[in-house]
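Everything below belongs to data_28.json, which stores JSON, C-alpha atoms and all ligand atoms.
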```json
[["chain", "number", "residue", "atom", "x", "y", "z"],
["A", 1, "MET", "CA", 3.41, -4.97, -35.08],
["A", 2, "ASP", "CA", 3.34, -6.78, -31.70],
["A", 3, "LEU", "CA", 2.28, -4.68, -28.76],
["A", 4, "ASP", "CA", 4.05, -5.46, -25.49],
["A", 5, "PRO", "CA", 1.34, -4.87, -22.84],
["A", 6, "TYR", "CA", 3.92, -4.12, -20.13],
["A", 7, "ARG", "CA", 5.73, -1.52, -22.24],
["A", 8, "ALA", "CA", 2.40, 0.10, -23.08],
["A", 9, "PHE", "CA", 1.46, 0.11, -19.38],
["A", 10, "ARG", "CA", 4.79, 1.66, -18.33],
["A", 11, "SER", "CA", 4.59, 4.31, -21.05],
["A", 12, "LEU", "CA", 1.30, 5.52, -19.54],
["A", 13, "PHE", "CA", 3.28, 6.63, -16.51],
["A", 14, "ALA", "CA", 6.41, 7.93, -18.23],
["A", 15, "SER", "CA", 5.12, 11.31, -19.35],
["A", 16, "LYS", "CA", 6.74, 14.31, -17.64],
["A", 17, "THR", "CA", 3.84, 16.45, -18.82],
["A", 18, "VAL", "CA", 1.34, 14.23, -17.01],
["A", 19, "ARG", "CA", 3.49, 14.28, -13.87],
["A", 20, "SER", "CA", 3.71, 18.04, -13.93],
["A", 21, "ALA", "CA", -0.08, 18.37, -14.47],
["A", 22, "TRP", "CA", -0.61, 15.97, -11.56],
["A", 23, "ALA", "CA", 1.77, 17.95, -9.35],
["A", 24, "LYS", "CA", 0.08, 21.21, -10.28],
["A", 25, "SER", "CA", -3.40, 19.94, -9.48],
["A", 26, "TYR", "CA", -2.32, 18.47, -6.11],
["A", 27, "GLY", "CA", -0.37, 21.63, -5.20],
["A", 28, "GLU", "CA", 1.18, 21.45, -1.72],
["A", 29, "GLN", "CA", -0.35, 18.01, -1.23],
["A", 30, "PHE", "CA", 1.66, 16.49, -4.09],
["A", 31, "TRP", "CA", 3.75, 13.69, -2.63],
["A", 32, "GLU", "CA", 7.13, 13.84, -4.37],
["A", 33, "ALA", "CA", 7.90, 10.16, -3.73],
["A", 34, "SER", "CA", 4.82, 9.07, -5.67],
["A", 35, "GLU", "CA", 6.03, 7.00, -8.56],
["A", 36, "PRO", "CA", 4.13, 6.60, -10.78],
["A", 37, "SER", "CA", 2.87, 10.10, -10.09],
["A", 38, "GLN", "CA", -0.71, 8.97, -10.65],
["A", 39, "SER", "CA", -0.81, 7.48, -7.15],
["A", 40, "GLN", "CA", -3.46, 9.46, -5.32],
["A", 41, "ALA", "CA", -1.49, 9.41, -2.06],
["A", 42, "THR", "CA", -1.17, 12.96, -0.73],
["A", 43, "VAL", "CA", 1.38, 14.39, 1.70],
["A", 44, "ASP", "CA", -1.24, 14.26, 4.49],
["A", 45, "ASP", "CA", -2.18, 10.63, 3.65],
["A", 46, "ILE", "CA", 1.44, 9.57, 3.97],
["A", 47, "LYS", "CA", 1.90, 11.48, 7.24],
["A", 48, "PHE", "CA", -1.26, 9.85, 8.59],
["A", 49, "ILE", "CA", -0.30, 6.26, 7.83],
["A", 50, "THR", "CA", 3.31, 6.82, 8.93],
["A", 51, "GLN", "CA", 2.09, 8.09, 12.32],
["A", 52, "ARG", "CA", -0.30, 5.16, 12.68],
["A", 53, "LEU", "CA", 2.03, 2.36, 11.56],
["A", 54, "HIS", "CA", 5.36, 3.51, 13.01],
["A", 55, "PRO", "CA", 7.39, 1.77, 10.25],
["A", 56, "SER", "CA", 10.85, 0.64, 11.35],
["A", 57, "ALA", "CA", 13.38, -2.12, 10.73],
["A", 58, "GLU", "CA", 11.34, -4.21, 13.22],
["A", 59, "THR", "CA", 8.02, -3.97, 11.38],
["A", 60, "LYS", "CA", 6.54, -6.05, 8.63],
["A", 61, "LEU", "CA", 3.75, -4.32, 6.73],
["A", 62, "ALA", "CA", 1.17, -5.39, 4.16],
["A", 63, "ASP", "CA", 0.18, -3.11, 1.26],
["A", 64, "LEU", "CA", -3.23, -4.17, -0.03],
["A", 65, "GLY", "CA", -3.76, -2.95, -3.59],
["A", 66, "CYS", "CA", -0.15, -1.78, -3.88],
["A", 67, "GLY", "CA", -0.28, -0.72, -7.54],
["A", 68, "GLY", "CA", 3.25, 0.32, -8.55],
["A", 69, "GLY", "CA", 4.30, -0.01, -4.89],
["A", 70, "CYS", "CA", 5.40, 3.57, -4.10],
["A", 71, "VAL", "CA", 4.11, 3.62, -0.52],
["A", 72, "GLY", "CA", 5.80, 0.33, 0.34],
["A", 73, "ARG", "CA", 9.04, 1.54, -1.26],
["A", 74, "TYR", "CA", 8.88, 4.65, 0.89],
["A", 75, "PHE", "CA", 8.52, 2.60, 4.09],
["A", 76, "ALA", "CA", 11.25, 0.16, 3.03],
["A", 77, "SER", "CA", 13.80, 2.74, 1.83],
["A", 78, "GLY", "CA", 13.09, 5.44, 4.40],
["A", 79, "PHE", "CA", 12.42, 3.35, 7.54],
["A", 80, "GLY", "CA", 13.85, -0.11, 6.85],
["A", 81, "ALA", "CA", 10.45, -1.83, 7.09],
["A", 82, "ASP", "CA", 9.72, -5.10, 5.32],
["A", 83, "VAL", "CA", 6.73, -4.70, 3.03],
["A", 84, "GLU", "CA", 4.69, -7.22, 1.07],
["A", 85, "GLY", "CA", 2.29, -5.92, -1.54],
["A", 86, "ILE", "CA", -0.58, -7.49, -3.42],
["A", 87, "ASP", "CA", -2.50, -6.13, -6.40],
["A", 88, "ALA", "CA", -5.09, -7.47, -8.82],
["A", 89, "ASP", "CA", -3.17, -6.10, -11.82],
["A", 90, "PRO", "CA", -0.15, -8.24, -12.84],
["A", 91, "LEU", "CA", 1.28, -5.34, -14.88],
["A", 92, "ALA", "CA", 1.28, -3.12, -11.78],
["A", 93, "ILE", "CA", 3.01, -5.93, -9.86],
["A", 94, "ARG", "CA", 5.68, -6.21, -12.53],
["A", 95, "MET", "CA", 6.25, -2.45, -12.34],
["A", 96, "ALA", "CA", 6.41, -2.62, -8.50],
["A", 97, "GLU", "CA", 9.05, -5.36, -8.78],
["A", 98, "ASP", "CA", 11.11, -3.39, -11.31],
["A", 99, "LEU", "CA", 10.97, -0.19, -9.24],
["A", 100, "ALA", "CA", 11.86, -2.15, -6.08],
["A", 101, "VAL", "CA", 15.13, -3.22, -7.70],
["A", 102, "THR", "CA", 16.09, 0.33, -8.70],
["A", 103, "SER", "CA", 15.07, 1.70, -5.26],
["A", 104, "GLY", "CA", 17.92, -0.16, -3.56],
["A", 105, "ALA", "CA", 15.46, -1.62, -1.00],
["A", 106, "GLY", "CA", 14.46, -4.59, -3.13],
["A", 107, "HIS", "CA", 15.50, -7.05, -0.39],
["A", 108, "ARG", "CA", 12.80, -5.60, 1.89],
["A", 109, "LEU", "CA", 10.02, -5.66, -0.72],
["A", 110, "ARG", "CA", 7.92, -8.52, -2.07],
["A", 111, "PHE", "CA", 4.97, -8.25, -4.42],
["A", 112, "LYS", "CA", 2.44, -10.66, -5.82],
["A", 113, "ALA", "CA", -0.68, -10.57, -7.98],
["A", 114, "GLY", "CA", -3.93, -11.38, -6.20],
["A", 115, "ASP", "CA", -7.11, -10.18, -4.55],
["A", 116, "VAL", "CA", -7.09, -8.13, -1.36],
["A", 117, "SER", "CA", -9.95, -10.25, -0.01],
["A", 118, "LYS", "CA", -8.03, -13.52, -0.43],
["A", 119, "THR", "CA", -4.38, -12.73, 0.00],
["A", 120, "GLY", "CA", -3.16, -16.22, 0.84],
["A", 121, "TRP", "CA", -0.98, -14.67, 3.57],
["A", 122, "ARG", "CA", -0.83, -16.44, 6.94],
["A", 123, "GLY", "CA", -3.05, -15.13, 9.74],
["A", 124, "SER", "CA", -1.46, -12.62, 12.16],
["A", 125, "SER", "CA", 1.66, -12.42, 10.00],
["A", 126, "PHE", "CA", 1.93, -8.62, 9.70],
["A", 127, "ASP", "CA", 2.53, -5.89, 12.26],
["A", 128, "GLY", "CA", 0.41, -3.48, 10.29],
["A", 129, "ALA", "CA", -1.49, -3.12, 7.03],
["A", 130, "PHE", "CA", -2.43, -0.26, 4.76],
["A", 131, "SER", "CA", -4.50, 0.13, 1.65],
["A", 132, "MET", "CA", -4.32, 3.39, -0.26],
["A", 133, "ASP", "CA", -7.20, 4.30, -2.58],
["A", 134, "VAL", "CA", -8.22, 0.71, -3.22],
["A", 135, "LEU", "CA", -11.36, -0.12, -1.26],
["A", 136, "LEU", "CA", -13.47, 2.10, -3.49],
["A", 137, "PHE", "CA", -12.79, -0.41, -6.31],
["A", 138, "VAL", "CA", -13.49, -3.53, -4.23],
["A", 139, "ALA", "CA", -17.02, -4.94, -4.54],
["A", 140, "ASP", "CA", -17.03, -6.89, -1.26],
["A", 141, "LYS", "CA", -15.52, -4.37, 1.15],
["A", 142, "ARG", "CA", -16.51, -6.40, 4.21],
["A", 143, "ALA", "CA", -14.50, -9.39, 2.96],
["A", 144, "ALA", "CA", -11.49, -7.16, 2.31],
["A", 145, "LEU", "CA", -11.67, -5.60, 5.79],
["A", 146, "HIS", "CA", -11.97, -9.04, 7.40],
["A", 147, "GLU", "CA", -8.89, -10.13, 5.48],
["A", 148, "ILE", "CA", -6.97, -7.08, 6.72],
["A", 149, "ALA", "CA", -7.99, -7.87, 10.31],
["A", 150, "ARG", "CA", -7.02, -11.55, 9.82],
["A", 151, "ILE", "CA", -3.46, -10.90, 8.66],
["A", 152, "ARG", "CA", -2.59, -8.36, 11.36],
["A", 153, "SER", "CA", -0.74, -9.52, 14.47],
["A", 154, "LYS", "CA", -2.85, -9.50, 17.63],
["A", 155, "ALA", "CA", 0.18, -8.51, 19.71],
["A", 156, "TRP", "CA", 0.80, -5.52, 17.48],
["A", 157, "GLN", "CA", -2.86, -4.48, 17.67],
["A", 158, "ARG", "CA", -2.65, -4.51, 21.47],
["A", 159, "PHE", "CA", 0.57, -2.49, 21.32],
["A", 160, "ARG", "CA", -1.00, 0.02, 18.98],
["A", 161, "TRP", "CA", -4.11, 0.44, 21.17],
["A", 162, "HIS", "CA", -1.86, 1.00, 24.17],
["A", 163, "LYS", "CA", 0.39, 3.48, 22.38],
["A", 164, "LEU", "CA", -2.60, 5.39, 21.05],
["A", 165, "GLY", "CA", -4.23, 5.60, 24.47],
["A", 166, "VAL", "CA", -7.45, 4.23, 23.03],
["A", 167, "THR", "CA", -10.17, 3.39, 25.55],
["A", 168, "ARG", "CA", -11.74, -0.06, 25.93],
["A", 169, "ARG", "CA", -15.04, 1.22, 24.48],
["A", 170, "GLU", "CA", -13.29, 2.70, 21.42],
["A", 171, "ARG", "CA", -11.35, -0.52, 20.93],
["A", 172, "SER", "CA", -14.50, -2.55, 20.88],
["A", 173, "PHE", "CA", -16.06, -0.13, 18.39],
["A", 174, "ALA", "CA", -13.01, -0.29, 16.10],
["A", 175, "ARG", "CA", -13.03, -4.09, 16.17],
["A", 176, "THR", "CA", -16.68, -4.30, 15.24],
["A", 177, "SER", "CA", -16.24, -1.68, 12.55],
["A", 178, "ILE", "CA", -13.57, -3.87, 10.94],
["B", 1, "LIG", "C1", -5.64, 4.03, -7.37],
["B", 1, "LIG", "S1", -4.65, 2.58, -7.46],
["B", 1, "LIG", "C2", -3.75, 2.75, -5.94],
["B", 1, "LIG", "C3", -2.43, 2.05, -5.99],
["B", 1, "LIG", "C4", -1.53, 2.25, -4.76],
["B", 1, "LIG", "N1", -2.21, 1.84, -3.54],
["B", 1, "LIG", "C5", -1.05, 3.67, -4.65],
["B", 1, "LIG", "O1", -1.50, 4.41, -3.75],
["B", 1, "LIG", "O2", -0.20, 4.07, -5.47],
["B", 1, "LIG", "C6", -5.81, 1.26, -7.06],
["B", 1, "LIG", "C7", -5.21, -0.14, -7.14],
["B", 1, "LIG", "O3", -6.12, -1.08, -6.57],
["B", 1, "LIG", "C8", -6.00, -2.30, -7.26],
["B", 1, "LIG", "N2", -7.17, -3.13, -6.95],
["B", 1, "LIG", "C9", -8.48, -2.86, -7.17],
["B", 1, "LIG", "N3", -9.25, -3.86, -6.72],
["B", 1, "LIG", "C10", -8.43, -4.81, -6.19],
["B", 1, "LIG", "C11", -8.62, -6.07, -5.56],
["B", 1, "LIG", "N4", -9.86, -6.59, -5.37],
["B", 1, "LIG", "N5", -7.55, -6.76, -5.14],
["B", 1, "LIG", "C12", -6.29, -6.25, -5.32],
["B", 1, "LIG", "N6", -6.05, -5.05, -5.91],
["B", 1, "LIG", "C13", -7.09, -4.34, -6.34],
["B", 1, "LIG", "C14", -5.87, -1.85, -8.72],
["B", 1, "LIG", "O4", -5.34, -2.87, -9.54],
["B", 1, "LIG", "C15", -4.98, -0.63, -8.57],
["B", 1, "LIG", "O5", -3.61, -0.95, -8.72]]
```
Before we go any further, please render this structure as structure tokens.
Amino acid sequence: MDLDPYRAFRSLFASKTVRSAWAKSYGEQFWEASEPSQSQATVDDIKFITQRLHPSAETKLADLGCGGGCVGRYFASGFGADVEGIDADPLAIRMAEDLAVTSGAGHRLRFKAGDVSKTGWRGSSFDGAFSMDVLLFVADKRAALHEIARIRSKAWQRFRWHKLGVTRRERSFARTSI
């Protein structure tokens, strides 16, 4: 019997029992929009990145290590943002593409397989970037952080610093820490 790797991959996430166990263990922090439910994004994580990125119909965001793409779908469907995602796992990318179509926000979402440290995206081409529970798996974290800094728009960074009321000294620290 032939095994379809994509069907096998999807079936891992289809179980209602697993979803309910996941929801129970996360309690109040379970993020209902997580799909597949095994995303480790919590309610507080999502609030945090939403406050930092201010997603809107004017923003273009990068999701580094997007997995099945639930966070990008949330920003695209709920706020009208354009989101591009990249993930090392082609099966996760295929799932992200399938779920984008059924979300109704497929025209705002694009996904591709690849490495977060070498995205192939143009420099300064995104207003903001996020990466949820991915860096722990990346061997060369410095390269990944440099790539994130490279793809983010300088104008948007200045806007964000201004909006956040961040001091010059803190700015310089944040830049060097990237
Ligand atoms: C815990 S999942 C998180 C998925 C998604 N961010 C979410 O919150 O639902 C981690 C993801 O990181 C991806 N990943 C790990 N190392 C990567 C790399 N070097 N480049 C791109 N993706 C990577 C894995 O394939 C996996 O989909």
For Arg152 in chain A: contacts at 8 Å, all atoms listed in the file, fewer than 6 positions along chain excluded, given as a tab-separated table (two decimals) with C-alpha atoms, in the coordinates of the input:
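Written output follows (out21.tsv):
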```tsv
chain	number	residue	atom	x	y	z
A	123	GLY	CA	-3.05	-15.13	9.74
A	124	SER	CA	-1.46	-12.62	12.16
A	125	SER	CA	1.66	-12.42	10.00
A	126	PHE	CA	1.93	-8.62	9.70
A	127	ASP	CA	2.53	-5.89	12.26
A	128	GLY	CA	0.41	-3.48	10.29
A	129	ALA	CA	-1.49	-3.12	7.03
```
Pick out the residues no farther than 6 Å from ligand LIG 1 (chain B), counting only C-alpha atoms and all ligand atoms, and list them as a compact mmCIF listing (two decimals) with C-alpha atoms, in the coordinates of the input.
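Full text of result.txt as output:
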```
# COMPACT_ATOMS: atom_id res chain seq x y z
CA SER A 39 -0.81 7.48 -7.15
CA GLN A 40 -3.46 9.46 -5.32
CA ALA A 41 -1.49 9.41 -2.06
CA GLY A 65 -3.76 -2.95 -3.59
CA CYS A 66 -0.15 -1.78 -3.88
CA GLY A 67 -0.28 -0.72 -7.54
CA GLY A 68 3.25 0.32 -8.55
CA CYS A 70 5.40 3.57 -4.10
CA ASP A 87 -2.50 -6.13 -6.40
CA ALA A 88 -5.09 -7.47 -8.82
CA ASP A 89 -3.17 -6.10 -11.82
CA GLY A 114 -3.93 -11.38 -6.20
CA ASP A 115 -7.11 -10.18 -4.55
CA VAL A 116 -7.09 -8.13 -1.36
CA SER A 131 -4.50 0.13 1.65
CA MET A 132 -4.32 3.39 -0.26
CA ASP A 133 -7.20 4.30 -2.58
CA VAL A 134 -8.22 0.71 -3.22
CA PHE A 137 -12.79 -0.41 -6.31
CA VAL A 138 -13.49 -3.53 -4.23
```
For Pro5 in chain A, list every protein, DNA or RNA residue within 12 Å, evaluated using all atoms listed in the file, and leave out those in the same chain fewer than 6 positions away; present the list as a list in words.
Ser11, Leu12, Asp89, Pro90, Leu91, Ala92, Arg94 and Met95 of chain A
Using only C-alpha atoms, please write the residues we just selected to a file, as a PDB file, keeping the file's coordinate frame.
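The resulting file, result-v2.pdb, is shown below:
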```pdb
ATOM      1  CA  SER A  11       4.590   4.310 -21.050  1.00  0.00           C
ATOM      2  CA  LEU A  12       1.300   5.520 -19.540  1.00  0.00           C
ATOM      3  CA  ASP A  89      -3.170  -6.100 -11.820  1.00  0.00           C
ATOM      4  CA  PRO A  90      -0.150  -8.240 -12.840  1.00  0.00           C
ATOM      5  CA  LEU A  91       1.280  -5.340 -14.880  1.00  0.00           C
ATOM      6  CA  ALA A  92       1.280  -3.120 -11.780  1.00  0.00           C
ATOM      7  CA  ARG A  94       5.680  -6.210 -12.530  1.00  0.00           C
ATOM      8  CA  MET A  95       6.250  -2.450 -12.340  1.00  0.00           C
TER       9      MET A  95
END
```
Counting all atoms listed in the file, closest pick from A:Ile93, A:Ile86, A:Leu109, A:Ala14 relative to Tyr74 in chain A is A:Leu109
Thr59 in chain A: which residues within 10 Å, counting only C-alpha atoms, same-chain residues fewer than 6 positions away excluded, as a list in words?
Leu53, Phe75, Ala76, Phe79, Gly80, Ala81, Asp82, Val83, Phe126, Asp127, Gly128 and Trp156 of chain A
Radius query 10 Å about (2.8, 10.3, -12.9), atoms used: only C-alpha atoms, as a short mmCIF file (atom, residue, chain, number, x, y, z; two decimals) with C-alpha atoms, in the coordinates of the input:
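File selection.cif, as written:
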```
data_model
loop_
_atom_site.label_atom_id
_atom_site.label_comp_id
_atom_site.auth_asym_id
_atom_site.auth_seq_id
_atom_site.Cartn_x
_atom_site.Cartn_y
_atom_site.Cartn_z
CA LEU A 12 1.30 5.52 -19.54
CA PHE A 13 3.28 6.63 -16.51
CA ALA A 14 6.41 7.93 -18.23
CA SER A 15 5.12 11.31 -19.35
CA LYS A 16 6.74 14.31 -17.64
CA THR A 17 3.84 16.45 -18.82
CA VAL A 18 1.34 14.23 -17.01
CA ARG A 19 3.49 14.28 -13.87
CA SER A 20 3.71 18.04 -13.93
CA ALA A 21 -0.08 18.37 -14.47
CA TRP A 22 -0.61 15.97 -11.56
CA ALA A 23 1.77 17.95 -9.35
CA SER A 34 4.82 9.07 -5.67
CA GLU A 35 6.03 7.00 -8.56
CA PRO A 36 4.13 6.60 -10.78
CA SER A 37 2.87 10.10 -10.09
CA GLN A 38 -0.71 8.97 -10.65
CA SER A 39 -0.81 7.48 -7.15
CA GLN A 40 -3.46 9.46 -5.32
#
```
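Nearest to Arg108 in chain A of all the residues A:Lys141, A:Asp63, A:Ala57, A:Phe130 is A:Ala57, counting only C-alpha atoms.
Across A:Glu97, A:Ser117, A:Phe9, A:Arg142, the tightest approach to Leu64 in chain A is made by A:Ser117 when counting all atoms listed in the file.
Interatomic distance, CA of Ala105 in chain A to CA of Ser77 in chain A: 5.5 Å.
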Residue among A:Leu136, A:Val71, A:Leu61, A:Leu3 lying closest to Glu32 in chain A, counting only C-alpha atoms:
A:Val71
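With only C-alpha atoms as the atoms that count, the minimum distance from Thr119 in chain A to the choices A:Asp98, A:Glu84, A:Asp4, A:Asp140 is reached by A:Glu84.
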Correct to one decimal, the distance CA of Ala149 in chain A-CA of Lys47 in chain A is 21.9 Å
